[in-house]
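**Q** Provided herewith is a single structure, encoded as structure tokens, for subsequent inquiry.
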Amino acid sequence: MSSSQFINKVPQTVTAPIPVKVTGVGSGNTRFLMVDNPETITQAHFSSGNLQVFAHDQTPGTGGWVKYRVFIWALNQTGVPLRMGITVGNGNTNGETYQIQNFKCDALNTSGDYLTNVGLPLAKALIAGTLDMDTTPVEATVPPMSVRLVHETTVTNGKLKGLVCEFEIFNPSGENMVYKVRVVASTSSKANLRNTQAAPIALSGPHPRGCWPWSEQVTPDITYTLGNGSANFSFANGDEVNGDDIYLASNSYDPTKRH
């Protein structure tokens with residue numbers, strides 16, 4: 001082989017685009033329950049039992065209706081299949097049965113590139129409004145003084161699963177509701193996911209967990225000229241002194257168990 005058949009390699013410097021800061025604010029009335037902590041789930045998280053609450057939320061004075069968007073991001077390193085569920089508890093003592101309406105949900109799992117294989121497809125489905133509307137809740141009614149299972153999914157050992165579910169809780173009487181939404185998990189194939197009303201397990205690591213009264217972000221229009229290369233936009237609240245994140249522990253329900 002002659003030397004002319006080799007391609008000369010010249011070192012190049014690749015510069016990442018500097019983030020353009022865009023100030024945004026939370027918007028809308030869909031409550032956003034984010035469960036990304038613990039992200040990596042091990043047997044240590046079940047040391048006190050094989051059924052645990054990973055997050056919860058409630059809000060008074062909803063006027064008989066509330067909408068939720070639930071985001072779950074979980075890497076299963078327990079050594080066994082991990083069952084995760086969303087439950088709704090009805091705590092009213094007036095005999096009122098709540099309904100689960102307009103349920104839609106998408107979930108993806110991978111052992112490869114988490115963001116490319118799971119994060120981006122879920123984000124596209126959410127933005128495009130194409131979450132699977134053919135899915136139905138496991139149980140669509142929640143009788144008084146009971147807990148019902150809205151959705152259940154299994155995370156294969158060694159894989160990460162991302163999940164986005166949206167649903168509404170409705171009280172036909174129109175009266176304010178007494179309820180609690182929980183994200184629960186179990187390492188047992190036989191555990192009843194409805195059978196826990198405990199406090200959430202402790203935070204583990206830097207990832208976020210919490211619930212906020214909005215799911216959308218409103219920002220000024222972003223301008224990008226085709227052909228100008230890559231662009232990186234950073235969404236924040238513009239307050240770099242007191243904290244630049246839009247979703248803060250201080251404005252999350254139960255901030256002592258969130259960040």
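Just remember, in the structure tokens the first chain shown is A, the second B, etc., residues are 1-based per chain, and ligands are 1-based in the order shown.
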Where does DSSP see helix (DSSP H, G or I) in region 9-243 of chain A, if you list the residues as an NGL selection string?
**A** :A and (43-46 or 114-128)
**Q** If you count only C-alpha atoms, which residues fall within 10 Å of region 173-180 of chain A, apart from same-chain ones fewer than 3 positions away, as a count of residues only?
**A** 29
**Q** Report the distance between CA of Asn37 (chain A) and CA of Ala140 (chain A) in Å, rounded to one decimal place.
**A**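 These atoms are spaced 27.6 Å apart.
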**Q** When you count only C-alpha atoms, which of these residues is closest to Met133 (chain A): A:Ser48, A:Ser215, A:Asn102, A:Asn228?
**A** A:Asn102
